[in-house]
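Student: coords.cif (mmCIF, C-alpha atoms) pasted underneath:
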```
data_run
loop_
_atom_site.label_atom_id
_atom_site.label_comp_id
_atom_site.auth_asym_id
_atom_site.auth_seq_id
_atom_site.Cartn_x
_atom_site.Cartn_y
_atom_site.Cartn_z
CA MET V 1 300.54 164.70 414.12
CA SER V 2 297.99 162.96 416.28
CA SER V 3 294.86 164.71 417.49
CA SER V 4 295.91 164.26 421.12
CA ALA V 5 299.35 165.72 420.45
CA ALA V 6 297.81 168.72 418.69
CA ALA V 7 295.32 169.25 421.51
CA SER V 8 298.02 168.99 424.18
CA ARG V 9 299.88 171.93 422.69
CA LEU V 10 296.85 174.19 422.75
CA HIS V 11 296.91 176.91 425.37
CA LEU V 12 294.22 179.29 426.55
CA ARG V 13 295.83 182.14 424.64
CA ASP V 14 295.46 180.12 421.43
CA LEU V 15 291.67 180.14 421.74
CA LEU V 16 290.86 183.86 421.77
CA HIS V 17 291.41 184.76 418.13
CA PRO V 18 289.91 181.69 416.46
CA VAL V 19 286.90 181.77 418.80
CA VAL V 20 286.31 185.45 418.01
CA ALA V 21 286.73 184.70 414.29
CA GLY V 22 284.10 181.98 414.59
CA MET V 23 281.78 184.35 416.44
CA ILE V 24 282.19 187.09 413.83
CA SER V 25 281.47 184.65 411.00
CA VAL V 26 278.24 183.62 412.74
CA ILE V 27 277.20 187.24 413.41
CA VAL V 28 277.87 188.17 409.77
CA ASN V 29 275.93 185.16 408.50
CA TYR V 30 272.83 185.74 410.62
CA GLY V 31 272.97 189.52 410.45
CA GLY V 32 273.72 189.69 406.76
CA THR V 33 271.71 187.00 404.97
CA PHE V 34 269.29 185.27 407.33
CA ILE V 35 266.53 187.72 406.47
CA LEU V 36 266.17 185.79 403.19
CA ILE V 37 264.97 182.72 405.06
CA PHE V 38 262.32 184.76 406.87
CA GLN V 39 261.26 186.27 403.54
CA ALA V 40 261.00 182.83 401.91
CA ALA V 41 259.00 181.52 404.88
CA LYS V 42 256.60 184.45 404.56
CA VAL V 43 256.19 183.89 400.81
CA ALA V 44 255.45 180.21 401.47
CA GLY V 45 252.85 181.17 404.08
CA LEU V 46 254.57 179.13 406.81
CA SER V 47 253.27 179.24 410.36
CA PRO V 48 255.54 180.52 413.18
CA ASP V 49 256.13 176.90 414.23
CA LEU V 50 257.25 175.84 410.76
CA THR V 51 259.44 178.94 410.46
CA ALA V 52 261.07 178.20 413.83
CA SER V 53 261.61 174.60 412.70
CA TRP V 54 263.38 175.85 409.56
CA VAL V 55 265.64 178.03 411.72
CA TRP V 56 266.28 175.10 414.08
CA SER V 57 267.09 172.61 411.34
CA VAL V 58 269.40 174.80 409.30
CA SER V 59 271.25 176.17 412.37
CA ILE V 60 271.70 172.79 414.09
CA GLY V 61 272.66 171.16 410.80
CA VAL V 62 275.23 173.81 409.95
CA GLY V 63 276.66 173.71 413.46
CA MET V 64 276.94 169.92 413.66
CA THR V 65 278.50 169.44 410.21
CA GLY V 66 280.98 172.30 410.63
CA LEU V 67 281.99 171.11 414.09
CA LEU V 68 282.41 167.50 412.92
CA LEU V 69 284.38 168.34 409.77
CA SER V 70 286.66 170.79 411.60
CA TRP V 71 287.33 168.31 414.42
CA VAL V 72 288.13 165.38 412.12
CA SER V 73 290.20 167.31 409.56
CA ARG V 74 291.84 169.74 412.03
CA GLU V 75 291.14 172.46 409.46
CA PRO V 76 288.64 175.36 409.68
CA ILE V 77 285.77 173.82 407.71
CA ILE V 78 283.06 176.46 408.10
CA THR V 79 279.64 175.39 406.91
CA ALA V 80 276.62 177.60 406.27
CA TRP V 81 273.17 177.56 404.72
CA SER V 82 273.06 178.22 401.01
CA THR V 83 272.45 181.97 400.70
CA PRO V 84 271.86 182.04 396.91
CA ALA V 85 269.48 179.11 397.35
CA ALA V 86 267.56 181.03 400.03
CA ALA V 87 267.27 183.97 397.64
CA PHE V 88 266.00 181.60 394.95
CA LEU V 89 263.40 180.15 397.33
CA VAL V 90 261.94 183.61 397.99
CA VAL V 91 260.57 183.30 394.46
CA ALA V 92 260.20 179.52 394.08
CA LEU V 93 258.12 178.92 397.22
CA SER V 94 255.44 181.28 395.98
CA THR V 95 254.34 178.68 393.43
CA THR V 96 255.49 175.40 395.00
CA PRO V 97 253.56 173.65 397.79
CA TYR V 98 255.71 173.39 400.91
CA ALA V 99 255.53 169.57 401.11
CA GLU V 100 256.75 169.33 397.51
CA ALA V 101 259.54 171.79 398.31
CA ILE V 102 260.62 169.49 401.15
CA GLY V 103 260.72 166.62 398.67
CA ALA V 104 262.88 168.74 396.36
CA TYR V 105 265.26 169.52 399.24
CA ILE V 106 265.68 165.77 399.83
CA ILE V 107 266.43 165.07 396.17
CA SER V 108 268.98 167.89 396.00
CA ALA V 109 270.68 166.73 399.21
CA ALA V 110 270.86 163.13 397.98
CA ALA V 111 272.52 164.37 394.79
CA PHE V 112 275.23 166.09 396.85
CA VAL V 113 275.86 162.90 398.81
CA LEU V 114 276.31 160.95 395.57
CA LEU V 115 278.56 163.65 394.11
CA GLY V 116 280.71 163.62 397.23
CA LEU V 117 281.04 159.83 397.19
CA SER V 118 281.99 159.87 393.50
CA GLY V 119 285.01 162.13 394.03
CA CYS V 120 284.37 163.93 390.72
CA PHE V 121 284.02 167.40 392.20
CA ASP V 122 287.37 167.11 393.98
CA LYS V 123 289.08 166.40 390.66
CA VAL V 124 287.51 169.50 389.09
CA ILE V 125 288.65 171.72 391.97
CA ARG V 126 292.26 170.53 391.59
CA LEU V 127 292.29 171.56 387.92
CA ILE V 128 291.71 175.25 388.65
CA PRO V 129 294.94 177.29 388.39
CA PRO V 130 295.97 178.88 391.74
CA GLY V 131 296.06 182.41 390.30
CA VAL V 132 292.56 182.09 388.86
CA ALA V 133 291.30 180.69 392.18
CA ALA V 134 292.85 183.61 394.07
CA GLY V 135 291.37 186.11 391.60
CA LEU V 136 287.94 184.54 392.06
CA LEU V 137 288.16 184.81 395.84
CA ALA V 138 289.40 188.40 395.72
CA GLY V 139 286.56 189.33 393.36
CA ILE V 140 283.92 187.71 395.55
CA LEU V 141 285.24 189.44 398.67
CA LEU V 142 285.78 192.85 397.05
CA GLN V 143 282.21 194.00 397.68
CA PHE V 144 282.62 193.26 401.37
CA GLY V 145 285.83 195.30 401.52
CA ILE V 146 284.10 198.18 399.76
CA GLY V 147 281.14 197.80 402.11
CA ALA V 148 283.38 198.48 405.09
CA PHE V 149 283.97 202.01 403.80
CA ALA V 150 280.61 202.57 402.10
CA GLY V 151 279.09 202.69 405.57
CA MET V 152 280.71 206.11 406.02
CA SER V 153 277.92 207.54 403.86
CA LEU V 154 275.15 205.94 405.93
CA ASP V 155 276.48 205.99 409.48
CA PRO V 156 279.73 208.00 409.53
CA VAL V 157 280.20 207.92 413.31
CA LEU V 158 279.88 204.15 413.70
CA ALA V 159 281.77 203.23 410.51
CA GLY V 160 284.42 205.89 411.13
CA LEU V 161 284.96 204.67 414.69
CA LEU V 162 285.43 201.06 413.58
CA ILE V 163 287.76 201.96 410.71
CA ALA V 164 289.89 204.29 412.83
CA ALA V 165 290.08 201.75 415.65
CA TYR V 166 291.08 199.02 413.20
CA VAL V 167 293.94 201.08 411.75
CA VAL V 168 295.21 202.13 415.19
CA LEU V 169 295.04 198.59 416.54
CA LYS V 170 296.78 197.27 413.43
CA ARG V 171 299.59 199.73 414.07
CA PHE V 172 300.13 198.96 417.74
CA THR V 173 298.67 195.48 418.32
CA ALA V 174 297.78 193.90 414.98
CA ARG V 175 296.89 190.57 416.56
CA TYR V 176 293.97 192.08 418.47
CA ALA V 177 292.63 194.40 415.74
CA VAL V 178 289.53 192.35 414.83
CA VAL V 179 288.81 191.45 418.45
CA GLY V 180 289.15 195.11 419.40
CA ILE V 181 286.73 196.48 416.81
CA LEU V 182 284.16 193.82 417.71
CA VAL V 183 284.25 194.74 421.41
CA LEU V 184 284.43 198.47 420.71
CA GLY V 185 281.56 198.34 418.22
CA LEU V 186 279.27 196.38 420.54
CA GLY V 187 280.12 198.73 423.41
CA PHE V 188 279.36 201.77 421.28
CA LEU V 189 276.00 200.38 420.14
CA LEU V 190 275.00 199.52 423.72
CA THR V 191 275.94 202.94 425.10
CA GLN V 192 274.03 204.61 422.27
CA GLY V 193 270.98 202.47 423.01
CA ARG V 194 270.93 201.19 419.44
CA VAL V 195 270.78 197.53 420.49
CA ASP V 196 268.24 196.54 423.12
CA PHE V 197 268.32 193.07 424.66
CA SER V 198 265.92 193.85 427.50
CA GLY V 199 262.95 192.27 425.75
CA LEU V 200 264.82 189.09 424.91
CA THR V 201 263.13 185.92 426.16
CA LEU V 202 264.77 182.63 425.29
CA GLN V 203 262.37 180.01 423.99
CA PHE V 204 263.37 176.56 422.85
CA ALA V 205 262.66 175.79 419.20
CA THR V 206 260.64 172.66 418.47
CA PRO V 207 261.34 170.81 415.22
CA VAL V 208 258.26 170.11 413.12
CA PHE V 209 258.32 167.15 410.73
CA THR V 210 256.77 167.75 407.31
CA ARG V 211 255.96 164.68 405.25
CA PRO V 212 257.68 165.18 401.88
CA GLU V 213 255.86 164.92 398.60
CA PHE V 214 257.56 164.37 395.25
CA SER V 215 256.55 165.75 391.89
CA VAL V 216 258.15 166.31 388.50
CA ASN V 217 257.35 170.01 388.77
CA ALA V 218 259.23 170.38 392.09
CA LEU V 219 262.10 168.27 390.73
CA LEU V 220 262.61 170.58 387.75
CA SER V 221 261.63 173.91 389.28
CA VAL V 222 263.15 173.53 392.77
CA ALA V 223 265.49 170.53 393.20
CA LEU V 224 267.56 171.01 390.03
CA PRO V 225 268.04 174.80 390.40
CA LEU V 226 268.74 174.35 394.14
CA PHE V 227 271.47 171.81 393.37
CA LEU V 228 273.12 173.89 390.64
CA ILE V 229 272.91 177.19 392.54
CA THR V 230 274.39 175.68 395.70
CA LEU V 231 277.12 173.83 393.79
CA THR V 232 278.31 176.82 391.76
CA GLY V 233 277.51 179.60 394.22
CA GLN V 234 278.66 177.97 397.47
CA TYR V 235 280.70 174.78 397.13
CA MET V 236 282.97 175.99 394.34
CA PRO V 237 284.07 179.29 395.95
CA GLY V 238 283.99 177.70 399.41
CA MET V 239 286.53 175.04 398.44
CA LEU V 240 288.69 177.66 396.75
CA VAL V 241 288.71 179.71 399.98
CA LEU V 242 290.19 176.72 401.80
CA ARG V 243 292.66 176.07 399.02
CA ASN V 244 293.72 179.71 398.86
CA ASP V 245 294.71 179.65 402.54
CA GLY V 246 296.70 176.44 402.16
CA PHE V 247 294.22 173.86 403.46
CA LYS V 248 294.09 170.65 401.45
CA THR V 249 291.00 168.86 402.74
CA SER V 250 289.32 166.93 399.94
CA ALA V 251 285.99 168.25 398.69
CA SER V 252 284.50 164.75 398.68
CA PRO V 253 283.95 164.26 402.43
CA ILE V 254 282.69 167.83 402.78
CA LEU V 255 280.12 167.29 400.02
CA ALA V 256 279.09 163.93 401.47
CA VAL V 257 278.79 165.10 405.08
CA THR V 258 276.95 168.35 404.35
CA GLY V 259 274.76 166.55 401.82
CA LEU V 260 273.89 163.86 404.36
CA GLY V 261 273.20 166.51 406.99
CA SER V 262 270.92 168.37 404.57
CA LEU V 263 269.17 165.10 403.78
CA LEU V 264 268.45 164.40 407.45
CA MET V 265 267.32 167.95 408.22
CA ALA V 266 265.24 168.52 405.07
CA PRO V 267 261.96 167.14 406.53
CA PHE V 268 262.23 169.77 409.28
CA GLY V 269 262.61 172.65 406.81
CA SER V 270 266.32 172.95 406.03
CA HIS V 271 266.75 173.86 402.37
CA ALA V 272 270.50 173.18 402.02
CA PHE V 273 273.73 173.73 403.85
CA ASN V 274 277.24 173.53 402.49
CA VAL V 275 280.81 174.68 402.91
CA ALA V 276 280.83 178.46 403.43
CA ALA V 277 282.70 180.97 401.29
CA ILE V 278 282.50 184.54 402.62
CA THR V 279 282.18 183.70 406.30
CA ALA V 280 284.75 180.91 405.89
CA ALA V 281 287.34 183.45 404.75
CA ILE V 282 287.02 185.16 408.15
CA CYS V 283 288.18 181.92 409.82
CA THR V 284 290.74 180.53 407.36
CA GLY V 285 293.12 183.50 407.21
CA LYS V 286 295.77 184.75 409.60
CA GLU V 287 293.28 187.03 411.36
CA ALA V 288 291.90 183.87 412.98
CA SER V 289 295.38 182.77 414.06
CA GLU V 290 298.94 183.37 412.93
CA ASP V 291 299.44 179.61 413.19
CA PRO V 292 297.42 177.82 410.46
CA SER V 293 297.43 174.61 412.53
CA LYS V 294 295.27 176.31 415.17
CA ARG V 295 292.63 177.81 412.87
CA TRP V 296 290.48 174.69 413.08
CA ILE V 297 289.39 175.98 416.48
CA ALA V 298 287.43 178.69 414.62
CA GLY V 299 285.43 175.95 412.91
CA ILE V 300 284.64 174.34 416.26
CA ALA V 301 283.66 177.70 417.76
CA ALA V 302 281.41 178.60 414.82
CA GLY V 303 279.73 175.20 415.05
CA VAL V 304 279.04 175.65 418.77
CA PHE V 305 277.59 179.13 418.21
CA TYR V 306 275.33 177.87 415.42
CA ILE V 307 274.05 175.02 417.59
CA PHE V 308 273.37 177.42 420.48
CA VAL V 309 271.39 179.73 418.21
CA GLY V 310 269.52 176.79 416.72
CA ILE V 311 268.41 175.53 420.13
CA PHE V 312 266.57 178.78 420.71
CA GLY V 313 265.32 179.03 417.12
CA VAL V 314 263.95 182.33 415.92
CA THR V 315 264.70 184.14 419.20
CA LEU V 316 268.47 184.42 418.91
CA ALA V 317 268.48 184.55 415.11
CA ALA V 318 266.32 187.67 415.34
CA VAL V 319 268.77 189.21 417.84
CA PHE V 320 271.61 189.14 415.32
CA MET V 321 269.35 190.81 412.79
CA VAL V 322 268.74 193.85 414.99
CA PHE V 323 272.36 194.94 414.71
CA PRO V 324 272.63 197.97 412.39
CA ALA V 325 273.48 197.00 408.84
CA THR V 326 276.48 199.35 408.91
CA PHE V 327 277.94 197.49 411.88
CA ILE V 328 277.62 194.12 410.11
CA THR V 329 279.06 195.28 406.77
CA THR V 330 281.90 197.29 408.31
CA LEU V 331 282.84 194.48 410.69
CA ALA V 332 282.81 191.90 407.88
CA GLY V 333 284.77 194.09 405.49
CA LEU V 334 287.50 194.92 407.99
CA ALA V 335 287.79 191.29 409.11
CA LEU V 336 288.30 190.28 405.47
CA LEU V 337 290.89 192.93 404.51
CA GLY V 338 293.80 190.59 405.17
CA THR V 339 292.26 187.84 403.06
CA ILE V 340 291.51 190.24 400.20
CA ALA V 341 295.10 191.53 400.26
CA ALA V 342 296.56 188.00 400.31
CA SER V 343 294.26 186.88 397.48
CA LEU V 344 295.20 189.83 395.28
CA ALA V 345 298.89 189.25 395.94
CA SER V 346 298.54 185.57 395.06
CA ALA V 347 296.52 186.34 391.94
CA MET V 348 299.15 188.76 390.64
CA ALA V 349 302.21 186.74 391.71
CA ASP V 350 302.58 184.60 388.60
CA VAL V 351 303.36 186.78 385.57
CA LYS V 352 302.22 184.06 383.19
CA SER V 353 298.71 183.84 384.62
CA ARG V 354 298.40 187.45 385.81
CA GLU V 355 296.16 188.62 382.97
CA ALA V 356 293.75 185.70 383.37
CA SER V 357 293.72 186.18 387.15
CA LEU V 358 292.92 189.87 386.72
CA ILE V 359 290.08 189.02 384.33
CA THR V 360 288.75 186.50 386.86
CA PHE V 361 288.96 189.09 389.63
CA LEU V 362 287.07 191.75 387.65
CA ALA V 363 284.45 189.33 386.29
CA SER V 364 283.79 187.95 389.79
CA ALA V 365 283.62 191.44 391.30
CA ALA V 366 281.04 192.40 388.63
CA ASN V 367 278.72 189.76 390.16
CA ILE V 368 277.20 188.75 386.83
CA ALA V 369 273.77 187.16 387.14
CA MET V 370 272.44 185.16 384.17
CA LEU V 371 270.17 182.14 383.82
CA GLY V 372 269.53 182.20 387.54
CA ILE V 373 273.20 181.44 388.31
CA GLY V 374 275.27 183.76 390.50
CA GLY V 375 278.43 185.72 389.82
CA ALA V 376 280.95 183.26 391.30
CA PHE V 377 280.23 180.71 388.58
CA TRP V 378 280.41 183.20 385.72
CA GLY V 379 283.55 184.82 387.11
CA LEU V 380 285.25 181.43 387.30
CA LEU V 381 284.03 180.38 383.84
CA ILE V 382 285.28 183.61 382.25
CA GLY V 383 288.59 183.34 384.09
CA LEU V 384 289.18 179.74 383.03
CA ALA V 385 288.33 180.60 379.42
CA ALA V 386 290.79 183.52 379.52
CA TYR V 387 293.48 181.29 381.05
CA ALA V 388 293.00 178.61 378.39
CA LEU V 389 293.10 181.13 375.55
CA LEU V 390 296.08 183.09 376.90
CA ASN V 391 298.14 180.07 377.95
CA GLY V 392 297.10 177.53 375.35
CA ARG V 393 295.66 174.90 377.73
CA LEU V 394 294.63 174.28 381.29
CA PRO V 395 297.39 172.80 383.47
CA ARG V 396 297.44 169.10 384.25
CA ARG V 397 296.15 168.08 387.66
CA GLN V 398 299.61 166.99 388.85
CA THR V 399 301.16 170.32 387.83
CA VAL V 400 298.47 172.30 389.64
CA ALA V 401 298.78 170.17 392.76
CA THR V 402 302.56 170.70 392.78
CA THR V 403 302.11 174.43 392.27
CA ALA V 404 299.58 174.59 395.09
CA GLU V 405 301.95 172.68 397.39
CA ASP V 406 304.81 175.05 396.53
CA ALA V 407 302.54 178.01 397.25
CA VAL V 408 301.63 176.54 400.64
CA VAL V 409 305.31 176.02 401.52
CA THR V 410 306.14 179.57 400.43
CA LYS V 411 303.20 180.98 402.35
CA GLY V 412 304.08 178.97 405.44
CA ALA V 413 307.59 180.41 405.35
CA THR V 414 306.21 183.93 405.59
CA HIS V 415 304.36 183.31 408.88
#
```
Please go through the file and, once you have read it, give me the structure as structure tokens.
Tutor:
Amino acid sequence: MSSSAAASRLHLRDLLHPVVAGMISVIVNYGGTFILIFQAAKVAGLSPDLTASWVWSVSIGVGMTGLLLSWVSREPIITAWSTPAAAFLVVALSTTPYAEAIGAYIISAAAFVLLGLSGCFDKVIRLIPPGVAAGLLAGILLQFGIGAFAGMSLDPVLAGLLIAAYVVLKRFTARYAVVGILVLGLGFLLTQGRVDFSGLTLQFATPVFTRPEFSVNALLSVALPLFLITLTGQYMPGMLVLRNDGFKTSASPILAVTGLGSLLMAPFGSHAFNVAAITAAICTGKEASEDPSKRWIAGIAAGVFYIFVGIFGVTLAAVFMVFPATFITTLAGLALLGTIAASLASAMADVKSREASLITFLASAANIAMLGIGGAFWGLLIGLAAYALLNGRLPRRQTVATTAEDAVVTKGATH
């Protein structure tokens, strides 16, 4: 199918759900994790101008790469800044000069470009059994699903309203459930006076170039951990999110494009951006569109929103952060329920791999943290070990690819 033919069949009604999905993914990303960047900037002693430049570079970079990849591939390639890397930098920047940190960002980004061009990572992804991949995704997303209902303890009125509205809308107009709770939730917060935009003044962000410096200390203490944390904590689960929803885009161009984008934006403060995992799942599932061929619009929409926020730097990023935490967690959890359900069903579908998939799910949900590496990596490692021990060996690449294709055909038949 040509791009022009695909575009010609798009109607206005096709835009609503993927655009809203893209918006929700952006809100969840800024409202849920962006505080880590502000914390890291404070630890590093950055000036307001340098902090605004960091916000500008990471937002513009994420927006441009996600928009480009989604447009070219016609798949919802959602990119984001590396959240585990931002958490790591909260500690690392306290002992690393900022110019040396910039040099470390450049080295890490260059490594991702080389990895993408090599094609090695794509081969590794294709070796992971579908059931194990689905169990990993379900485990990663479980905390978000639980968070949707945990808000009842903190803000019962707001969380209860969103949950009740979601169930009612699912019963009578399932297609508009996520859109409905977003509009209802924002309306409720505004009428309650819990979100105030009156003091908002839009100010353009100005990028500030920092001349990088390179040192062995920054290479070992920042660049290497940054590379490993982003690879295992973001790229691996992010690619499995796409695979789980039937999208077959190779990991190689995604690694190369996001790595190149990170390389270009590093001197302005961007630490790393990559394919998203959690926020991607909001845009890759059927909540974004019943028709998988139209979900790429969510990637375009998310990219546009990120660019818009980046233009105004800290101003708009701070706006997303004033939303109550309960609103963010409940909205994210409810938007991901469909993906969690589909992942669990896929993980348990194959009797032969069910035990290993369950182990992967539980290990990922436990969010194990060792050696500075996050839970996604350990969950996958434990799951693959269980699969190998229970089934004798890992499947050949060709077998897995065929199984994945069969799963896509079966899933497509259910839509």
Student: Using Å and a single decimal, report how far CA of Val351 in chain V sits from CA of Ala366 in chain V.
Tutor: 23.2 Å
Student: List as a ChimeraX atom specification the protein and nucleic acid residues near range 102-105 of chain V, meaning an atom at most 9 Å away when all atoms listed in the file are counted, but skip any in the same chain fewer than 3 places from it.
Tutor: /V:97-99,108-110,210-215,218-224,226-227,262-263,266-272
Student: Need the shell around Leu255 in chain V: protein/DNA/RNA residues with any atom at most 12 Å away, counting all atoms listed in the file. Skip same-chain ones fewer than 6 positions apart. Format as a PyMOL selection string?
Tutor: chain V and resi 65-66+69+77+79+108-122+227+230-231+234-236+238-239+249+261-263+272-276
Student: Please, could you write that set of residues out with C-alpha atoms as a PDB file, in the coordinates of the input?
Tutor:
```pdb
ATOM      1  CA  THR V  65     278.500 169.440 410.210  1.00  0.00           C
ATOM      2  CA  GLY V  66     280.980 172.300 410.630  1.00  0.00           C
ATOM      3  CA  LEU V  69     284.380 168.340 409.770  1.00  0.00           C
ATOM      4  CA  ILE V  77     285.770 173.820 407.710  1.00  0.00           C
ATOM      5  CA  THR V  79     279.640 175.390 406.910  1.00  0.00           C
ATOM      6  CA  SER V 108     268.980 167.890 396.000  1.00  0.00           C
ATOM      7  CA  ALA V 109     270.680 166.730 399.210  1.00  0.00           C
ATOM      8  CA  ALA V 110     270.860 163.130 397.980  1.00  0.00           C
ATOM      9  CA  ALA V 111     272.520 164.370 394.790  1.00  0.00           C
ATOM     10  CA  PHE V 112     275.230 166.090 396.850  1.00  0.00           C
ATOM     11  CA  VAL V 113     275.860 162.900 398.810  1.00  0.00           C
ATOM     12  CA  LEU V 114     276.310 160.950 395.570  1.00  0.00           C
ATOM     13  CA  LEU V 115     278.560 163.650 394.110  1.00  0.00           C
ATOM     14  CA  GLY V 116     280.710 163.620 397.230  1.00  0.00           C
ATOM     15  CA  LEU V 117     281.040 159.830 397.190  1.00  0.00           C
ATOM     16  CA  SER V 118     281.990 159.870 393.500  1.00  0.00           C
ATOM     17  CA  GLY V 119     285.010 162.130 394.030  1.00  0.00           C
ATOM     18  CA  CYS V 120     284.370 163.930 390.720  1.00  0.00           C
ATOM     19  CA  PHE V 121     284.020 167.400 392.200  1.00  0.00           C
ATOM     20  CA  ASP V 122     287.370 167.110 393.980  1.00  0.00           C
ATOM     21  CA  PHE V 227     271.470 171.810 393.370  1.00  0.00           C
ATOM     22  CA  THR V 230     274.390 175.680 395.700  1.00  0.00           C
ATOM     23  CA  LEU V 231     277.120 173.830 393.790  1.00  0.00           C
ATOM     24  CA  GLN V 234     278.660 177.970 397.470  1.00  0.00           C
ATOM     25  CA  TYR V 235     280.700 174.780 397.130  1.00  0.00           C
ATOM     26  CA  MET V 236     282.970 175.990 394.340  1.00  0.00           C
ATOM     27  CA  GLY V 238     283.990 177.700 399.410  1.00  0.00           C
ATOM     28  CA  MET V 239     286.530 175.040 398.440  1.00  0.00           C
ATOM     29  CA  THR V 249     291.000 168.860 402.740  1.00  0.00           C
ATOM     30  CA  GLY V 261     273.200 166.510 406.990  1.00  0.00           C
ATOM     31  CA  SER V 262     270.920 168.370 404.570  1.00  0.00           C
ATOM     32  CA  LEU V 263     269.170 165.100 403.780  1.00  0.00           C
ATOM     33  CA  ALA V 272     270.500 173.180 402.020  1.00  0.00           C
ATOM     34  CA  PHE V 273     273.730 173.730 403.850  1.00  0.00           C
ATOM     35  CA  ASN V 274     277.240 173.530 402.490  1.00  0.00           C
ATOM     36  CA  VAL V 275     280.810 174.680 402.910  1.00  0.00           C
ATOM     37  CA  ALA V 276     280.830 178.460 403.430  1.00  0.00           C
TER      38      ALA V 276
END
```
Student: Selected by the PyMOL selection byres ((chain V and resi 348) around 12) in the shown coordinates: which residues, as a ChimeraX atom specification?
Tutor: /V:130-135,138,341-347,349-361
Student: Which residue is closest to Phe323 in chain V? Choose from V:Ala376, V:Ala41, V:Ile27, V:Ile282 and count all atoms listed in the file.
Tutor: V:Ile27
Student: Using all atoms listed in the file, can you list as a list in words the residues within 6 Å of (263.2, 181.4, 414.6)?
Tutor: Ala52, Val55, Gly313, Val314 and Thr315 of chain V
Student: Give me, as a list in words, all polymer residues having an atom no more than 8 Å from Ala302 in chain V, counting all atoms listed in the file and skipping those fewer than 2 positions away in the same chain.
Tutor: Val19, Gly22, Met23, Ser25, Val26, Gly63, Gly66, Leu67, Ile78, Ala298, Gly299, Ile300, Val304, Phe305 and Tyr306 of chain V
Student: Go through V:Val167, V:Ala148, V:Ile125, V:Leu390 one by one, measure the shortest atom-to-atom distance of each to Ser252 in chain V using all atoms listed in the file, and give the residue with the smallest value.
Tutor: V:Ile125
